[in-house]
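Peer 1: One file: target27.tsv (TSV, C-alpha atoms).
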```tsv
chain	number	residue	atom	x	y	z
A	1	MET	CA	43.36	33.01	95.36
A	2	ARG	CA	46.57	34.54	94.05
A	3	ILE	CA	48.45	33.03	91.13
A	4	GLU	CA	51.91	31.68	92.05
A	5	GLY	CA	54.70	30.68	89.70
A	6	LYS	CA	58.43	31.11	89.15
A	7	VAL	CA	60.76	33.14	86.98
A	8	ALA	CA	61.52	30.90	83.97
A	9	LYS	CA	63.86	33.18	82.00
A	10	LEU	CA	65.50	36.60	82.18
A	11	ILE	CA	65.10	38.35	78.81
A	12	ASN	CA	66.85	41.67	79.42
A	13	SER	CA	67.30	44.30	82.13
A	14	ARG	CA	63.54	44.95	82.36
A	15	GLU	CA	61.78	41.82	81.06
A	16	LEU	CA	61.37	38.27	82.31
A	17	VAL	CA	59.25	35.19	81.69
A	18	ILE	CA	57.02	33.64	84.36
A	19	ASN	CA	55.94	30.00	84.06
A	20	ARG	CA	52.23	30.83	84.33
A	21	GLY	CA	49.91	31.84	81.51
A	22	ARG	CA	46.36	32.06	80.25
A	23	ALA	CA	45.61	28.50	81.44
A	24	ASP	CA	46.41	29.66	85.00
A	25	GLY	CA	44.29	32.83	84.80
A	26	VAL	CA	47.06	35.31	83.93
A	27	THR	CA	45.90	38.39	81.99
A	28	ILE	CA	47.67	41.38	80.43
A	29	GLY	CA	48.22	44.14	82.97
A	30	MET	CA	48.42	41.76	85.94
A	31	ILE	CA	51.18	42.63	88.42
A	32	PHE	CA	53.50	40.04	89.95
A	33	LYS	CA	55.90	40.41	92.86
A	34	ILE	CA	59.22	38.63	92.37
A	35	LEU	CA	60.31	37.35	95.78
A	36	GLU	CA	63.42	36.11	97.53
A	37	PRO	CA	63.26	32.29	97.66
A	38	GLY	CA	61.95	31.08	101.01
A	39	LEU	CA	60.62	33.12	103.88
A	40	GLU	CA	62.70	35.30	106.19
A	41	THR	CA	62.32	34.25	109.82
A	42	ILE	CA	61.81	37.11	112.28
A	43	LYS	CA	62.91	36.67	115.90
A	44	ASP	CA	62.07	38.75	118.95
A	45	PRO	CA	65.24	40.73	119.80
A	46	ASP	CA	64.63	40.29	123.55
A	47	SER	CA	63.62	36.65	123.88
A	48	GLY	CA	64.99	35.16	120.65
A	49	GLU	CA	61.56	33.59	120.11
A	50	VAL	CA	60.50	33.18	116.47
A	51	LEU	CA	57.70	35.66	115.82
A	52	GLY	CA	56.92	34.53	112.31
A	53	ALA	CA	58.18	34.75	108.75
A	54	ILE	CA	57.78	37.26	105.94
A	55	GLU	CA	58.11	37.33	102.15
A	56	ARG	CA	60.89	39.62	100.86
A	57	GLU	CA	60.07	41.36	97.57
A	58	LYS	CA	62.80	41.99	95.01
A	59	VAL	CA	60.79	43.81	92.33
A	60	GLN	CA	57.33	44.11	90.81
A	61	VAL	CA	56.63	43.45	87.13
A	62	LYS	CA	53.57	43.97	84.93
A	63	VAL	CA	52.43	41.38	82.37
A	64	ASP	CA	52.42	42.64	78.77
A	65	PHE	CA	52.22	39.31	76.88
A	66	VAL	CA	50.32	36.13	77.78
A	67	ASP	CA	50.52	32.72	76.12
A	68	GLU	CA	48.79	29.52	77.21
A	69	ARG	CA	51.50	28.41	79.69
A	70	LEU	CA	53.75	31.46	80.15
A	71	CYS	CA	53.74	35.22	80.33
A	72	VAL	CA	56.26	38.01	79.74
A	73	ALA	CA	56.35	40.81	82.29
A	74	LYS	CA	58.51	43.89	82.72
A	75	THR	CA	59.37	46.45	85.33
A	76	PHE	CA	57.07	49.46	85.36
A	77	ARG	CA	58.09	51.62	88.30
A	78	TYR	CA	60.28	54.59	87.46
A	79	SER	CA	61.81	57.82	88.68
A	80	GLU	CA	62.12	61.07	86.74
A	81	THR	CA	65.14	63.39	86.69
A	82	ASN	CA	65.62	66.76	85.06
A	83	ILE	CA	68.87	66.77	83.09
A	84	GLY	CA	68.14	70.01	81.23
A	85	GLY	CA	67.65	73.62	82.20
A	86	ARG	CA	65.85	74.87	85.27
A	87	GLY	CA	63.68	77.55	83.65
A	88	LEU	CA	62.99	80.98	85.13
A	89	GLY	CA	63.22	79.63	88.70
A	90	SER	CA	66.95	79.03	88.30
A	91	LEU	CA	69.51	81.23	90.02
A	92	GLN	CA	72.11	80.35	87.38
A	93	LEU	CA	71.76	82.52	84.27
A	94	SER	CA	73.10	79.73	82.03
A	95	GLN	CA	70.22	77.42	83.00
A	96	MET	CA	67.49	80.07	83.08
A	97	PHE	CA	66.71	79.97	79.36
A	98	ASP	CA	67.19	76.23	78.80
A	99	PRO	CA	63.96	74.25	78.97
A	100	PRO	CA	63.75	71.38	81.46
A	101	LYS	CA	64.51	67.93	80.00
A	102	ILE	CA	62.89	65.18	82.04
A	103	VAL	CA	64.35	61.68	81.72
A	104	ARG	CA	62.39	58.66	82.94
A	105	LYS	CA	64.51	55.82	84.40
A	106	TYR	CA	62.75	52.50	84.87
A	107	GLU	CA	63.57	50.05	87.64
A	108	GLN	CA	65.84	47.28	86.33
A	109	LEU	CA	66.45	43.64	87.16
A	110	SER	CA	70.20	44.00	86.82
A	111	ILE	CA	72.88	45.03	89.26
A	112	VAL	CA	74.61	47.05	86.53
A	113	ASP	CA	72.99	49.51	84.11
A	114	THR	CA	72.50	47.37	80.99
A	115	GLU	CA	69.41	48.97	79.41
A	116	LYS	CA	67.85	46.57	76.86
A	117	LYS	CA	70.83	44.24	76.34
A	118	ALA	CA	70.55	40.52	77.10
A	119	LEU	CA	70.77	39.95	80.83
A	120	ASN	CA	73.29	37.52	82.29
A	121	GLU	CA	71.91	35.90	85.46
A	122	ALA	CA	75.22	36.61	87.22
A	123	THR	CA	74.57	40.37	86.92
A	124	SER	CA	70.94	40.20	88.00
A	125	TYR	CA	69.46	40.24	91.48
A	126	VAL	CA	66.47	38.35	90.04
A	127	LYS	CA	67.26	34.69	89.30
A	128	VAL	CA	65.59	31.90	87.34
A	129	GLY	CA	63.51	29.96	89.86
A	130	ASP	CA	62.66	32.96	92.05
A	131	PRO	CA	59.04	32.85	93.24
A	132	ALA	CA	56.58	35.06	91.33
A	133	VAL	CA	53.27	35.79	93.05
A	134	GLN	CA	50.35	37.84	91.87
A	135	ALA	CA	50.20	41.18	93.67
A	136	ILE	CA	46.66	41.50	94.98
A	137	SER	CA	45.50	44.88	96.25
A	138	GLU	CA	43.67	45.23	99.54
A	139	LEU	CA	40.50	46.09	97.59
A	140	GLU	CA	40.32	42.74	95.79
```
Written as structure tokens, that's how I'd like the structure from this file.
Peer 2:
Amino acid sequence: MRIEGKVAKLINSRELVINRGRADGVTIGMIFKILEPGLETIKDPDSGEVLGAIEREKVQVKVDFVDERLCVAKTFRYSETNIGGRGLGSLQLSQMFDPPKIVRKYEQLSIVDTEKKALNEATSYVKVGDPAVQAISELE
């Protein structure tokens, strides 16, 4: 059975608190999906009949601290971009001798780029009270 809780606090642009902890079976490294509140109803475009409802995921976070009744989790998915030179494969002479410089940009909870500053709920697409459910792989 998956662990279900709610976002209790937004710490910064990458970290949040979930109201579930060791007493609920939460462990370090566990992944939670932060969801839109409620289910989204899906209707058949031809008949208008309700086909069912689905959960809408906002972001996934990984637990890196667990207490008895709460846990702290942060975003872990990222993209990498080269902001340096292109090496010998470059057609531009100015970039040919500069080494590549790869920058890793982590997924954030905020609408604006705030890095590690305190996060105001008004600038976040994740809100206090949003459902948090354990992400369980198909193999489990």
Peer 1: Excluding stretch 48-61 of chain A and its own-chain neighbours fewer than 6 positions away, which residues fall within 6 Å of it when counting only C-alpha atoms? Please give them as JSON, numbers by chain.
Peer 2: {"A": [31, 32, 33, 34, 35, 36, 39, 40, 41, 42, 73, 74, 75]}
Peer 1: Just the number, please: distance in Å from atom CA of A:Ala135 to atom CA of A:Val26, one decimal.
Peer 2: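 Interatomic distance here is 11.8 Å.
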Peer 1: Which of these residues is nearest to A:Leu109, using all atoms listed in the file: A:Leu70, A:Ile83, A:Val7, A:Val63?
Peer 2: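 The answer is A:Val7, which sits nearest to A:Leu109.
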Peer 1: Would you work out the distance separating atom CA of A:Gly25 from atom CA of A:Ile11, expressed in Å to one decimal?
Peer 2: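 If I compute the distance from atom CA of A:Gly25 to atom CA of A:Ile11, I get 22.3 Å.
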Peer 1: In Å, with one decimal, what is the gap from atom CA of A:Pro131 to atom CA of A:Glu4?
Peer 2: 7.3 Å
Peer 1: Using all atoms listed in the file, pick whichever of A:Pro37, A:Arg2, A:Asn19, A:Ser79 has the shortest atom-to-atom distance to A:Tyr125.
Peer 2: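 Closest candidate: A:Pro37.
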Peer 1: In file coordinates, which residues lie within 7 Å of (63.1, 61.3, 86.9) using only C-alpha atoms, given as a list in words?
Peer 2: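 Residues lying no farther than 7 Å from the given point: Ser79, Glu80, Thr81, Asn82, Ile102, Val103, Arg104 and Lys105 of chain A.
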Peer 1: Between A:Ile136, A:Tyr106, A:Ala8, A:Pro99, single out the one closest to A:Arg77, counting only C-alpha atoms.
Peer 2: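 Closest to A:Arg77 of all the choices is A:Tyr106.
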Peer 1: Could you list, as number ranges by chain, every residue within 12 Å of A:Ala23, counting only C-alpha atoms and ignoring same-chain residues fewer than 3 positions away?
Peer 2: A: 3, 19-20, 26-27, 66-71
Peer 1: Can I get the selection written as a PDB file, in the frame of the given file, with C-alpha atoms?
Peer 2:
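That gives us selection-v4.pdb:
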```pdb
ATOM      1  CA  ILE A   3      48.450  33.030  91.130  1.00  0.00           C
ATOM      2  CA  ASN A  19      55.940  30.000  84.060  1.00  0.00           C
ATOM      3  CA  ARG A  20      52.230  30.830  84.330  1.00  0.00           C
ATOM      4  CA  VAL A  26      47.060  35.310  83.930  1.00  0.00           C
ATOM      5  CA  THR A  27      45.900  38.390  81.990  1.00  0.00           C
ATOM      6  CA  VAL A  66      50.320  36.130  77.780  1.00  0.00           C
ATOM      7  CA  ASP A  67      50.520  32.720  76.120  1.00  0.00           C
ATOM      8  CA  GLU A  68      48.790  29.520  77.210  1.00  0.00           C
ATOM      9  CA  ARG A  69      51.500  28.410  79.690  1.00  0.00           C
ATOM     10  CA  LEU A  70      53.750  31.460  80.150  1.00  0.00           C
ATOM     11  CA  CYS A  71      53.740  35.220  80.330  1.00  0.00           C
TER      12      CYS A  71
END
```
Peer 1: Kindly indicate which residue among A:Ala132, A:Lys62, A:Arg14, A:Lys6 lies nearest to A:Glu107, using only C-alpha atoms for the distances.
Peer 2: A:Arg14
Peer 1: For each of A:Met30, A:Val72, A:Met1, A:Leu10, take the minimum atom-to-atom distance to A:Gly129, counting all atoms listed in the file, then give the residue where this is smallest.
Peer 2: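 Nearest candidate to A:Gly129 out of A:Met30, A:Val72, A:Met1, A:Leu10: A:Leu10.
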